[in-house]
>>> print(open('start.cif').read())   # mmCIF, C-alpha atoms and all ligand atoms
data_my_file
#
loop_
_atom_site.label_atom_id
_atom_site.label_comp_id
_atom_site.auth_asym_id
_atom_site.auth_seq_id
_atom_site.Cartn_x
_atom_site.Cartn_y
_atom_site.Cartn_z
CA MET A 1 62.79 107.80 115.55
CA ILE A 2 64.82 107.19 118.70
CA ALA A 3 63.24 109.06 121.62
CA GLY A 4 65.39 111.95 122.82
CA GLU A 5 65.71 110.44 126.29
CA ASP A 6 66.89 107.11 124.91
CA ALA A 7 69.47 108.85 122.72
CA ALA A 8 70.66 110.93 125.69
CA GLY A 9 71.06 107.77 127.80
CA ILE A 10 73.03 106.03 125.04
CA SER A 11 75.26 109.11 124.62
CA ARG A 12 76.00 109.16 128.35
CA ALA A 13 76.88 105.46 128.26
CA ALA A 14 79.14 106.03 125.23
CA VAL A 15 81.00 108.82 127.02
CA ARG A 16 81.47 106.54 130.05
CA VAL A 17 83.15 103.93 127.80
CA LEU A 18 85.44 106.55 126.27
CA VAL A 19 86.35 107.94 129.69
CA ALA A 20 87.12 104.45 131.02
CA ASN A 21 89.32 103.71 127.98
CA TRP A 22 91.24 107.02 128.13
CA ASP A 23 94.89 106.62 129.07
CA GLY A 24 95.80 110.29 129.49
CA GLY A 25 96.84 111.17 125.91
CA HIS A 26 95.15 108.44 123.93
CA THR A 27 92.26 105.98 124.15
CA VAL A 28 92.71 102.20 124.10
CA PRO A 29 90.33 100.40 121.72
CA SER A 30 89.53 97.92 124.50
CA ARG A 31 91.05 97.68 127.99
CA ARG A 32 91.81 93.96 127.93
CA LEU A 33 91.93 93.01 124.24
CA TYR A 34 93.81 96.00 122.75
CA PRO A 35 95.60 97.83 125.59
CA HIS A 36 97.75 100.19 123.47
CA GLN A 37 97.00 102.94 120.90
CA TRP A 38 95.80 101.76 117.48
CA SER A 39 96.07 104.03 114.46
CA TRP A 40 92.68 104.00 112.72
CA ASP A 41 90.86 103.41 116.00
CA SER A 42 92.22 106.75 117.21
CA ALA A 43 90.84 108.50 114.14
CA PHE A 44 87.34 107.10 114.72
CA ILE A 45 87.62 107.80 118.46
CA ALA A 46 88.58 111.42 117.72
CA ILE A 47 85.49 111.80 115.51
CA GLY A 48 83.31 110.75 118.47
CA ASN A 49 85.24 112.66 121.12
CA ALA A 50 84.91 115.80 119.01
CA ARG A 51 81.21 115.73 119.97
CA TRP A 52 81.78 116.15 123.69
CA ALA A 53 85.49 116.76 124.36
CA PRO A 54 87.17 118.35 121.31
CA ARG A 55 90.43 118.99 123.18
CA ARG A 56 90.66 115.30 123.91
CA ALA A 57 89.94 114.57 120.23
CA ARG A 58 92.82 116.82 119.13
CA CYS A 59 95.10 115.27 121.75
CA GLU A 60 94.22 111.74 120.52
CA LEU A 61 95.37 112.57 116.98
CA LEU A 62 98.46 114.52 118.04
CA THR A 63 99.57 111.69 120.34
CA LEU A 64 99.27 109.23 117.47
CA PHE A 65 101.25 111.48 115.14
CA GLY A 66 103.87 111.69 117.90
CA ALA A 67 104.63 108.08 116.93
CA GLN A 68 105.05 108.94 113.22
CA TRP A 69 108.27 107.70 111.64
CA ARG A 70 110.79 109.85 109.79
CA ASP A 71 109.59 108.37 106.48
CA GLY A 72 106.06 109.65 107.24
CA ARG A 73 104.49 106.32 108.09
CA VAL A 74 102.02 106.25 110.94
CA PRO A 75 102.43 102.85 112.60
CA HIS A 76 99.35 100.78 113.31
CA ILE A 77 100.18 100.44 117.02
CA ALA A 78 101.92 102.87 119.37
CA PHE A 79 102.81 100.79 122.43
CA ASN A 80 102.27 102.03 125.96
CA PRO A 81 105.43 101.13 127.94
CA GLU A 82 103.40 100.88 131.15
CA VAL A 83 101.39 97.92 129.85
CA PRO A 84 102.99 94.56 130.77
CA MET A 85 104.93 93.01 127.87
CA GLY A 86 102.75 89.89 127.58
CA ALA A 87 99.40 91.73 127.57
CA TYR A 88 99.12 91.82 123.76
CA PHE A 89 100.53 89.59 121.03
CA PRO A 90 102.53 90.40 118.95
CA GLY A 91 104.01 93.00 121.28
CA PRO A 92 106.96 95.43 121.21
CA ASP A 93 109.52 92.61 121.39
CA PHE A 94 108.19 91.19 118.11
CA TRP A 95 108.07 94.47 116.16
CA ASP A 96 111.40 95.61 117.60
CA VAL A 97 111.28 99.19 116.35
CA SER A 98 110.58 102.68 117.61
CA ALA A 99 109.68 106.12 116.27
CA PRO A 100 112.12 109.08 116.45
CA SER A 101 110.11 110.28 119.48
CA GLY A 102 111.14 107.08 121.29
CA THR A 103 107.64 105.56 121.21
CA VAL A 104 107.87 101.84 120.57
CA THR A 105 105.67 100.97 117.60
CA SER A 106 104.69 98.31 115.07
CA GLY A 107 106.02 98.72 111.52
CA ILE A 108 102.86 98.35 109.44
CA VAL A 109 100.10 100.90 108.82
CA GLN A 110 96.30 101.01 108.78
CA PRO A 111 93.78 102.77 106.49
CA PRO A 112 94.67 106.50 106.52
CA VAL A 113 91.38 107.87 107.83
CA HIS A 114 93.12 110.49 109.99
CA ALA A 115 92.72 113.53 107.71
CA ILE A 116 88.98 112.81 107.61
CA ALA A 117 89.03 112.77 111.41
CA ALA A 118 91.10 115.97 111.70
CA TRP A 119 88.67 117.80 109.46
CA ARG A 120 85.62 116.56 111.38
CA VAL A 121 87.23 117.53 114.69
CA HIS A 122 87.75 121.02 113.25
CA LEU A 123 84.13 121.19 112.06
CA ALA A 124 82.88 120.28 115.55
CA ASP A 125 85.12 122.86 117.23
CA PRO A 126 86.98 125.12 114.77
CA ASP A 127 90.66 125.43 115.61
CA PRO A 128 92.90 126.61 112.74
CA ALA A 129 96.01 126.30 114.95
CA PHE A 130 95.33 122.57 115.34
CA LEU A 131 94.89 122.20 111.58
CA ARG A 132 98.16 124.07 110.91
CA ARG A 133 99.94 121.76 113.33
CA ILE A 134 98.58 118.49 112.00
CA TYR A 135 98.45 119.30 108.26
CA PRO A 136 102.17 118.68 107.50
CA ARG A 137 102.01 115.39 109.41
CA LEU A 138 98.95 114.26 107.47
CA VAL A 139 100.65 115.19 104.21
CA ALA A 140 103.76 113.21 105.23
CA GLN A 141 101.54 110.20 105.97
CA GLN A 142 100.09 110.37 102.43
CA GLU A 143 103.55 110.93 100.90
CA PHE A 144 104.85 107.80 102.59
CA LEU A 145 102.08 105.82 100.91
CA ARG A 146 102.68 107.40 97.50
CA ALA A 147 106.43 106.84 97.67
CA ASN A 148 106.39 103.32 99.05
CA ARG A 149 103.08 101.69 98.22
CA ARG A 150 102.02 102.95 94.78
CA ASN A 151 101.67 100.19 92.16
CA PRO A 152 101.69 100.53 88.34
CA ASP A 153 97.85 100.81 88.32
CA GLY A 154 98.20 103.99 90.41
CA LEU A 155 96.73 102.23 93.46
CA LEU A 156 98.25 101.75 96.92
CA SER A 157 99.19 98.30 98.18
CA ILE A 158 98.81 96.92 101.65
CA LEU A 159 101.43 94.44 102.74
CA HIS A 160 99.59 92.72 105.57
CA PRO A 161 95.96 91.74 106.28
CA TRP A 162 96.24 93.87 109.45
CA GLU A 163 96.86 96.88 107.20
CA SER A 164 93.36 96.46 105.76
CA GLY A 165 91.86 96.80 109.25
CA MET A 166 89.68 93.79 108.30
CA ASP A 167 92.12 91.09 109.31
CA ASN A 168 90.36 87.82 108.45
CA SER A 169 88.10 89.07 105.67
CA PRO A 170 87.33 86.22 103.24
CA ALA A 171 88.83 88.53 100.59
CA TRP A 172 92.25 87.45 101.96
CA ASP A 173 91.57 83.69 101.91
CA GLU A 174 93.09 83.20 98.47
CA PRO A 175 96.33 85.18 98.97
CA LEU A 176 96.78 83.69 102.44
CA ALA A 177 96.34 80.13 101.12
CA ALA A 178 99.63 80.61 99.25
CA VAL A 179 101.57 81.73 102.36
CA ASN A 180 104.16 79.36 103.69
CA ALA A 181 103.80 79.79 107.45
CA GLY A 182 105.29 77.76 110.27
CA PRO A 183 103.38 76.69 113.38
CA LEU A 184 102.65 79.16 116.17
CA ALA A 185 102.11 77.98 119.75
CA ALA A 186 98.43 78.56 120.55
CA ALA A 187 99.42 79.84 124.00
CA VAL A 188 101.18 82.96 122.63
CA ARG A 189 97.86 84.39 121.44
CA ARG A 190 96.28 86.72 123.98
CA ASP A 191 93.07 87.47 122.02
CA THR A 192 91.53 84.03 122.54
CA ALA A 193 92.03 84.41 126.30
CA VAL A 194 89.66 87.42 126.20
CA VAL A 195 87.17 86.52 123.44
CA ASN A 196 85.71 83.14 122.43
CA ALA A 197 87.98 81.58 119.75
CA ASP A 198 84.92 80.99 117.47
CA GLU A 199 84.60 84.77 117.12
CA ARG A 200 88.25 85.38 116.24
CA PRO A 201 90.61 84.57 113.33
CA THR A 202 91.78 80.95 113.16
CA GLN A 203 95.16 79.67 114.30
CA ARG A 204 96.24 79.30 110.64
CA ASP A 205 95.26 82.96 110.06
CA TYR A 206 97.52 83.99 112.95
CA GLU A 207 100.38 81.85 111.64
CA CYS A 208 100.13 83.74 108.34
CA TYR A 209 99.89 87.14 110.10
CA VAL A 210 103.05 86.44 112.07
CA GLU A 211 104.95 85.08 109.05
CA ILE A 212 104.07 88.05 106.79
CA ALA A 213 104.92 90.57 109.52
CA ARG A 214 108.19 88.78 110.33
CA ALA A 215 109.27 88.83 106.66
CA TYR A 216 108.51 92.57 106.35
CA ARG A 217 110.26 93.30 109.66
CA ASP A 218 113.35 91.38 108.55
CA THR A 219 113.78 93.74 105.57
CA GLY A 220 113.71 96.73 107.93
CA TYR A 221 110.02 97.28 107.07
CA ARG A 222 110.88 97.96 103.44
CA ARG A 223 109.94 95.00 101.25
CA ALA A 224 106.73 92.98 101.13
CA GLY A 225 106.49 89.43 102.37
CA GLU A 226 104.05 87.05 100.70
CA PHE A 227 101.11 89.45 100.74
CA SER A 228 100.59 92.52 98.59
CA VAL A 229 97.12 93.64 97.56
CA ALA A 230 95.32 96.83 96.51
CA ASP A 231 92.34 97.05 98.85
CA PRO A 232 89.27 99.21 98.07
CA LEU A 233 88.79 100.43 101.66
CA PHE A 234 92.43 101.47 102.07
CA ASN A 235 92.43 103.29 98.72
CA THR A 236 89.10 104.92 99.56
CA ALA A 237 90.52 106.18 102.86
CA TYR A 238 93.53 107.61 101.01
CA ALA A 239 91.36 109.39 98.41
CA ALA A 240 88.92 110.68 101.06
CA ALA A 241 91.93 111.92 103.03
CA GLU A 242 93.04 113.96 100.01
CA THR A 243 89.56 115.52 99.81
CA SER A 244 89.78 116.41 103.52
CA LEU A 245 93.33 117.74 103.06
CA ALA A 246 92.05 120.07 100.33
CA LYS A 247 89.61 121.57 102.85
CA ILE A 248 92.29 121.76 105.55
CA ALA A 249 94.71 123.41 103.09
CA ILE A 250 92.19 126.20 102.43
CA VAL A 251 91.91 126.97 106.17
CA CYS A 252 95.72 126.98 106.37
CA GLY A 253 95.92 129.43 103.42
CA LEU A 254 97.47 126.79 101.14
CA ASP A 255 96.64 125.54 97.65
CA PRO A 256 93.96 122.80 97.72
CA GLU A 257 94.32 121.87 94.03
CA PRO A 258 97.06 119.19 94.33
CA HIS A 259 94.88 117.34 96.86
CA ARG A 260 91.81 117.59 94.64
CA ARG A 261 93.75 116.27 91.64
CA GLU A 262 95.16 113.39 93.69
CA ALA A 263 91.70 112.40 94.97
CA ALA A 264 90.28 112.47 91.44
CA ALA A 265 93.16 110.38 90.06
CA MET A 266 92.64 107.78 92.76
CA VAL A 267 88.91 107.50 92.07
CA ARG A 268 89.69 106.96 88.36
CA ALA A 269 92.28 104.26 89.11
CA MET A 270 89.91 102.48 91.48
CA ALA A 271 87.04 102.56 88.99
CA GLU A 272 89.31 101.25 86.25
CA HIS A 273 91.07 98.47 88.17
CA LEU A 274 88.96 97.43 91.16
CA TYR A 275 85.33 97.68 90.08
CA ASP A 276 83.33 94.76 88.76
CA ASP A 277 79.68 93.80 88.82
CA GLY A 278 78.26 96.21 91.39
CA LEU A 279 81.14 96.12 93.89
CA PHE A 280 84.78 97.17 94.33
CA HIS A 281 87.20 94.32 94.96
CA ALA A 282 90.80 93.93 96.07
CA LYS A 283 93.47 93.09 93.51
CA ASP A 284 96.34 90.73 94.27
CA GLU A 285 99.60 92.43 93.22
CA LEU A 286 101.54 89.19 93.24
CA THR A 287 99.27 87.34 90.78
CA GLY A 288 97.63 90.33 89.05
CA LYS A 289 94.23 88.79 89.82
CA LEU A 290 91.10 90.64 90.93
CA LEU A 291 90.03 88.99 94.21
CA ARG A 292 86.28 88.96 93.55
CA SER A 293 84.59 88.62 96.93
CA SER A 294 81.57 89.96 98.77
CA SER A 295 83.43 92.12 101.28
CA GLY A 296 81.79 95.25 102.66
CA ALA A 297 85.13 97.01 102.02
CA GLY A 298 83.93 97.19 98.42
CA LEU A 299 81.05 99.50 99.36
CA THR A 300 83.21 102.14 101.09
CA PRO A 301 83.97 104.07 97.84
CA LEU A 302 80.47 105.48 98.37
CA MET A 303 82.30 107.89 100.69
CA LEU A 304 84.01 109.49 97.71
CA PRO A 305 82.19 112.56 96.38
CA GLY A 306 83.84 112.09 92.96
CA LEU A 307 82.49 108.57 92.45
CA PRO A 308 80.65 108.42 89.07
CA PRO A 309 76.87 108.41 89.74
CA ARG A 310 76.31 105.15 87.83
CA LEU A 311 78.80 103.33 90.06
CA ALA A 312 77.27 104.89 93.18
CA ASP A 313 73.79 103.69 92.12
CA GLU A 314 75.08 100.18 91.48
CA LEU A 315 76.88 100.07 94.83
CA ILE A 316 73.71 101.18 96.62
CA ALA A 317 71.70 98.45 94.89
CA THR A 318 74.36 95.91 95.98
CA ALA A 319 74.24 97.20 99.57
CA LEU A 320 70.46 96.96 99.74
CA GLU A 321 70.13 93.58 98.06
CA ARG A 322 73.26 91.44 98.38
CA PHE A 323 74.24 92.93 101.75
CA GLU A 324 70.62 93.01 102.94
CA LEU A 325 71.09 96.54 104.26
CA LYS A 326 67.29 96.76 104.34
CA ARG A 327 67.55 95.03 107.73
CA GLY A 328 69.39 98.11 108.99
CA LEU A 329 72.83 96.77 109.97
CA LEU A 330 75.55 96.55 107.33
CA PRO A 331 77.33 93.16 107.43
CA SER A 332 81.08 93.08 106.78
CA PHE A 333 80.46 90.28 104.25
CA ALA A 334 77.37 89.53 102.16
CA PRO A 335 75.06 87.11 104.01
CA GLY A 336 74.31 84.98 100.92
CA ALA A 337 78.00 84.24 100.21
CA PRO A 338 79.33 80.80 101.22
CA GLU A 339 82.12 82.24 103.42
CA PHE A 340 79.66 84.33 105.47
CA ASP A 341 79.87 83.66 109.22
CA SER A 342 77.61 85.91 111.30
CA ALA A 343 79.78 85.80 114.45
CA ARG A 344 83.39 85.50 113.29
CA TYR A 345 85.11 88.88 113.24
CA TRP A 346 85.41 90.31 109.71
CA ARG A 347 83.70 87.39 107.98
CA GLY A 348 80.14 88.67 108.37
CA PRO A 349 79.48 90.61 111.60
CA SER A 350 78.50 94.23 111.42
CA TRP A 351 81.15 96.70 112.60
CA ILE A 352 80.20 100.25 113.46
CA ASN A 353 83.22 101.82 111.71
CA LEU A 354 82.62 100.10 108.37
CA ALA A 355 78.93 100.93 108.55
CA TRP A 356 79.80 104.54 109.49
CA MET A 357 81.95 104.89 106.36
CA VAL A 358 79.14 103.63 104.12
CA TRP A 359 76.61 105.76 106.05
CA GLN A 360 78.73 108.81 105.24
CA GLY A 361 78.39 107.97 101.56
CA LEU A 362 74.63 107.41 101.78
CA ARG A 363 73.72 110.54 103.74
CA HIS A 364 73.59 112.76 100.67
CA ARG A 365 72.76 110.08 98.12
CA ARG A 366 69.99 108.16 99.97
CA PRO A 367 69.12 110.11 103.15
CA VAL A 368 66.22 107.81 104.05
CA VAL A 369 68.40 104.69 103.91
CA ALA A 370 71.15 106.47 105.85
CA GLU A 371 68.70 107.56 108.52
CA ARG A 372 67.40 104.01 108.96
CA MET A 373 70.96 102.69 109.22
CA ALA A 374 71.87 105.23 111.91
CA GLU A 375 68.72 104.50 113.89
CA THR A 376 69.30 100.75 113.75
CA MET A 377 72.90 101.11 114.94
CA ILE A 378 71.86 103.36 117.83
CA ARG A 379 69.06 100.98 118.80
CA VAL A 380 71.34 97.93 118.59
CA VAL A 381 74.03 99.39 120.87
CA GLY A 382 71.24 100.57 123.20
CA ARG A 383 70.20 96.95 123.60
CA ALA A 384 73.47 95.00 123.21
CA GLY A 385 75.99 97.56 124.53
CA PHE A 386 79.13 98.90 122.81
CA ARG A 387 80.30 95.52 121.62
CA GLU A 388 83.12 95.11 119.09
CA TYR A 389 80.79 93.67 116.40
CA PHE A 390 77.21 92.51 115.98
CA ASP A 391 75.41 89.66 114.26
CA PRO A 392 73.84 91.47 111.28
CA LEU A 393 70.86 89.09 111.23
CA THR A 394 69.96 88.74 114.94
CA PHE A 395 71.65 91.99 116.17
CA GLU A 396 73.34 90.02 118.99
CA GLY A 397 76.64 91.53 120.25
CA HIS A 398 79.99 89.74 119.81
CA GLY A 399 83.68 90.25 120.56
CA CYS A 400 84.85 92.43 123.41
CA HIS A 401 82.67 94.76 125.50
CA ASP A 402 83.08 98.54 125.84
CA PHE A 403 84.79 98.89 122.50
CA SER A 404 85.89 102.48 121.92
CA TRP A 405 85.03 103.11 118.28
CA SER A 406 81.55 101.61 118.71
CA ALA A 407 80.97 104.19 121.46
CA ALA A 408 82.65 107.06 119.61
CA LEU A 409 80.92 106.64 116.28
CA VAL A 410 77.51 106.20 117.89
CA LEU A 411 78.07 109.61 119.51
CA ASP A 412 78.65 110.97 116.02
CA LEU A 413 75.54 109.21 114.68
CA ILE A 414 73.41 110.68 117.48
CA ALA A 415 74.79 114.23 117.12
C1 LIG B 501 94.79 93.39 116.23
C2 LIG B 501 92.04 97.41 117.36
C3 LIG B 501 92.20 96.57 116.10
C4 LIG B 501 91.53 97.24 114.88
C5 LIG B 501 91.46 96.28 113.69
C6 LIG B 501 90.82 95.00 114.12
C7 LIG B 501 91.60 94.40 115.29
C8 LIG B 501 93.49 92.99 115.63
O1 LIG B 501 91.63 95.30 116.37
O2 LIG B 501 92.90 94.06 114.89
O3 LIG B 501 95.27 92.61 117.07
O4 LIG B 501 95.31 94.44 115.86
O5 LIG B 501 90.74 94.09 113.06
O6 LIG B 501 90.76 96.87 112.62
O7 LIG B 501 92.22 98.38 114.54
O8 LIG B 501 90.70 97.69 117.57
#
>>> encode(input="start.cif", output="C-alpha cells")
Amino acid sequence: MIAGEDAAGISRAAVRVLVANWDGGHTVPSRRLYPHQWSWDSAFIAIGNARWAPRRARCELLTLFGAQWRDGRVPHIAFNPEVPMGAYFPGPDFWDVSAPSGTVTSGIVQPPVHAIAAWRVHLADPDPAFLRRIYPRLVAQQEFLRANRRNPDGLLSILHPWESGMDNSPAWDEPLAAVNAGPLAAAVRRDTAVVNADERPTQRDYECYVEIARAYRDTGYRRAGEFSVADPLFNTAYAAAETSLAKIAIVCGLDPEPHRREAAAMVRAMAEHLYDDGLFHAKDELTGKLLRSSSGAGLTPLMLPGLPPRLADELIATALERFELKRGLLPSFAPGAPEFDSARYWRGPSWINLAWMVWQGLRHRRPVVAERMAETMIRVVGRAGFREYFDPLTFEGHGCHDFSWSAALVLDLIA
C-alpha cells in the first residue's frame, strides 16, 4: 500500500506538471520535446485532468476536435502557431495542411482513444451537454477510419509508424526494412537536442518516418506510402471506443446497438486474424504476413470486455511470464526477446499509457495483479519523477522530464 500522504504528495506533483504544460486550451505533452497538441496524449491527459479539473478535461478534448478535418479524421498533431517554426520536426511546413477551423495540423492519425476519454471524463463529472456536443465528432472520427482504413479482414490499417503511437517498436523493423528512404540531415531532428540519442529512434528510423509521411502527403493524405499494417493496439482502441460510444449514446438518448455490434465484430476480426500463441500481433497489409513480435501492443486487447475468456487467460499468462509483469512495471517489449532495449523508447521501456491500458483490462480479471501494477507505477514516478518512460528492470527514468500523460494517468491510478 502507498501511504496516503505519499499518494497526496505525488498527486500534487502531477497537478503541477499538468498546470505547467497547459497552454490555455490544451496541454503540451512536454514543453521542450513536444510543444504542440498531440491527439492521443490529449485523451490520456483528459482522463487525468478529469480527476481534479473536469472543465479543463472537457476543454482539452473539444480543442482537439476543433482541429478535426471535414472527412472526420482527427490529426495526430494540432500545431500552435505561437511556437517557433523550428521547435519541432517535422513541423507545419512539412505537413502543409490545415483543418477547416484554420488550425494547422499533421495529416496522419493516432489510436482513437478519445471516446474512452470522453466517457471517463463524464463519469468523473457527469455532463450530458458535453457528451451531446462531442458524440457526433467521435462518431465522425470512427467513420473516417471505417471508410478509409478498413481492410478485407475487417481490420483497420495504420499508414505510418507514428499512427501506432509506438514509433520505433521492433514490430515495425520488418516493414521498415523494405522502405526506400533517402538521407535526412541529422541537424533537422529536434528530439536528439532534448533527449540523449541512445534513448530515441535511430537516424534510419527517422529517414523512413519522413519518407512514408512525404509519400502520403503527396497523395493529399489519401493513399498509403510503403507502410500499411493492422496493429492490435490501434484496433483495440477503435473497438473500445465503440463500447464507450454505446454508453455515450444511451446518455444522449440514442441507440447503442450499432456501436455494440461494431465492437463485437472488431473483436472477432482481431481474434481471427491477429492472434497467435498467447499474444496479438500486427499484420502487414502489403505482404499479408503476420508480424510475430513481442510487443506490448499485443496485450492491450485485454481492455476489451468482449474478449473470449480463453484468450484473456492466455494474454495474462504472457504478460506475467514473457513480459515479466511480476516485477510490477509492464515493458513495451518482452525482456527476453533479442530486440529488447531497456532504455530506447518503444523497444523495451515501460510507458505509463500502455501499462494503463493493460491495467484497465486486468482490474476486473485479475484485481490483485492490477493493484500491484498501479502501486508500482505510483512508487516509480514518486522516486524517478514523471519521466516519459522507465527502465522496466531497474525502474530508472528515461526520455523527457515532466511528461504530461505520465502525470495525468498516475492521477487516475491514485484516484
Ligand atoms: C513524435 C507525443 C508523442 C506521442 C507518441 C510518441 C512520441 C514522437 O511522442 O511521438 O514526434 O510525435 O511515440 O506516442 O504521442 O507525446
>>> closest_residue(input="start.cif", among="A:Met266, A:Glu314, A:Leu320, A:Thr27", to="Asn151 (chain A)", atoms="only C-alpha atoms")
A:Met266
>>> closest_residue(input="start.cif", among="A:Glu371, A:Asp127, A:Asp218, A:Asp153", to="Ala265 (chain A)", atoms="all atoms listed in the file")
A:Asp153
>>> closest_atom_pairs(input="start.cif", of="chain A", to="ligand LIG 501 (chain B)", cutoff="6 Å", atoms="all atoms listed in the file", output="JSON lines")
{"residue": "A:Pro29", "atom": "CA", "partner": "B:LIG501", "partner_atom": "O8", "distance": 5.0}
{"residue": "A:Tyr34", "atom": "CA", "partner": "B:LIG501", "partner_atom": "C2", "distance": 5.8}
{"residue": "A:Trp38", "atom": "CA", "partner": "B:LIG501", "partner_atom": "O7", "distance": 5.7}
{"residue": "A:Trp40", "atom": "CA", "partner": "B:LIG501", "partner_atom": "O7", "distance": 5.9}
{"residue": "A:Asp41", "atom": "CA", "partner": "B:LIG501", "partner_atom": "O7", "distance": 5.4}
{"residue": "A:Gly165", "atom": "CA", "partner": "B:LIG501", "partner_atom": "O6", "distance": 3.5}
{"residue": "A:Met166", "atom": "CA", "partner": "B:LIG501", "partner_atom": "O5", "distance": 4.9}
{"residue": "A:Asp167", "atom": "CA", "partner": "B:LIG501", "partner_atom": "O5", "distance": 5.0}
>>> residues_around(input="start.cif", residues="Ala140 (chain A)", least_positions_apart="4", cutoff="10 Å", atoms="only C-alpha atoms", output="ChimeraX atom specification")
/A:68-74,135-136,144-146
>>> closest_residue(input="start.cif", among="A:Pro170, A:Asp255, A:Ala224, A:Cys400", to="Ala334 (chain A)", atoms="all atoms listed in the file")
A:Pro170
>>> closest_residue(input="start.cif", among="A:Trp172, A:Trp351, A:Phe390, A:Tyr216", to="Ala230 (chain A)", atoms="only C-alpha atoms")
A:Trp172
>>> residues_around(input="start.cif", residues="Val17 (chain A)", least_positions_apart="3", cutoff="12 Å", atoms="all atoms listed in the file", output="list in words")
Ile10, Ser11, Arg12, Ala13, Ala14, Ala20, Asn21, Trp22, Thr27, Val28, Pro29, Ser30, Arg31, Ile45, Gly48, Asn49, Gly385, Phe386, Arg387, His401, Asp402, Phe403, Ser404, Trp405, Ser406, Ala407, Ala408, Val410 and Leu411 of chain A
>>> closest_atom_pairs(input="start.cif", of="region 156-202 of chain A", to="region 105-120 of chain A", cutoff="10 Å", atoms="all atoms listed in the file", output="JSON lines")
{"residue": "A:Ile158", "atom": "CA", "partner": "A:Val109", "partner_atom": "CA", "distance": 8.3}
{"residue": "A:Leu159", "atom": "CA", "partner": "A:Ile108", "partner_atom": "CA", "distance": 7.9}
{"residue": "A:His160", "atom": "CA", "partner": "A:Ile108", "partner_atom": "CA", "distance": 7.6}
{"residue": "A:Pro161", "atom": "CA", "partner": "A:Gln110", "partner_atom": "CA", "distance": 9.6}
{"residue": "A:Trp162", "atom": "CA", "partner": "A:Gln110", "partner_atom": "CA", "distance": 7.2}
{"residue": "A:Glu163", "atom": "CA", "partner": "A:Gln110", "partner_atom": "CA", "distance": 4.5}
{"residue": "A:Ser164", "atom": "CA", "partner": "A:Gln110", "partner_atom": "CA", "distance": 6.2}
{"residue": "A:Gly165", "atom": "CA", "partner": "A:Gln110", "partner_atom": "CA", "distance": 6.1}
{"residue": "A:Met166", "atom": "CA", "partner": "A:Gln110", "partner_atom": "CA", "distance": 9.8}
>>> residues_around(input="start.cif", residues="Arg32 (chain A)", least_positions_apart="4", cutoff="9 Å", atoms="all atoms listed in the file", output="PDB file with C-alpha atoms, keeping the file's coordinate frame")
ATOM      1  CA  ALA A  87      99.400  91.730 127.570  1.00  0.00           C
ATOM      2  CA  TYR A  88      99.120  91.820 123.760  1.00  0.00           C
ATOM      3  CA  ASP A 191      93.070  87.470 122.020  1.00  0.00           C
ATOM      4  CA  VAL A 194      89.660  87.420 126.200  1.00  0.00           C
ATOM      5  CA  CYS A 400      84.850  92.430 123.410  1.00  0.00           C
TER       6      CYS A 400
END
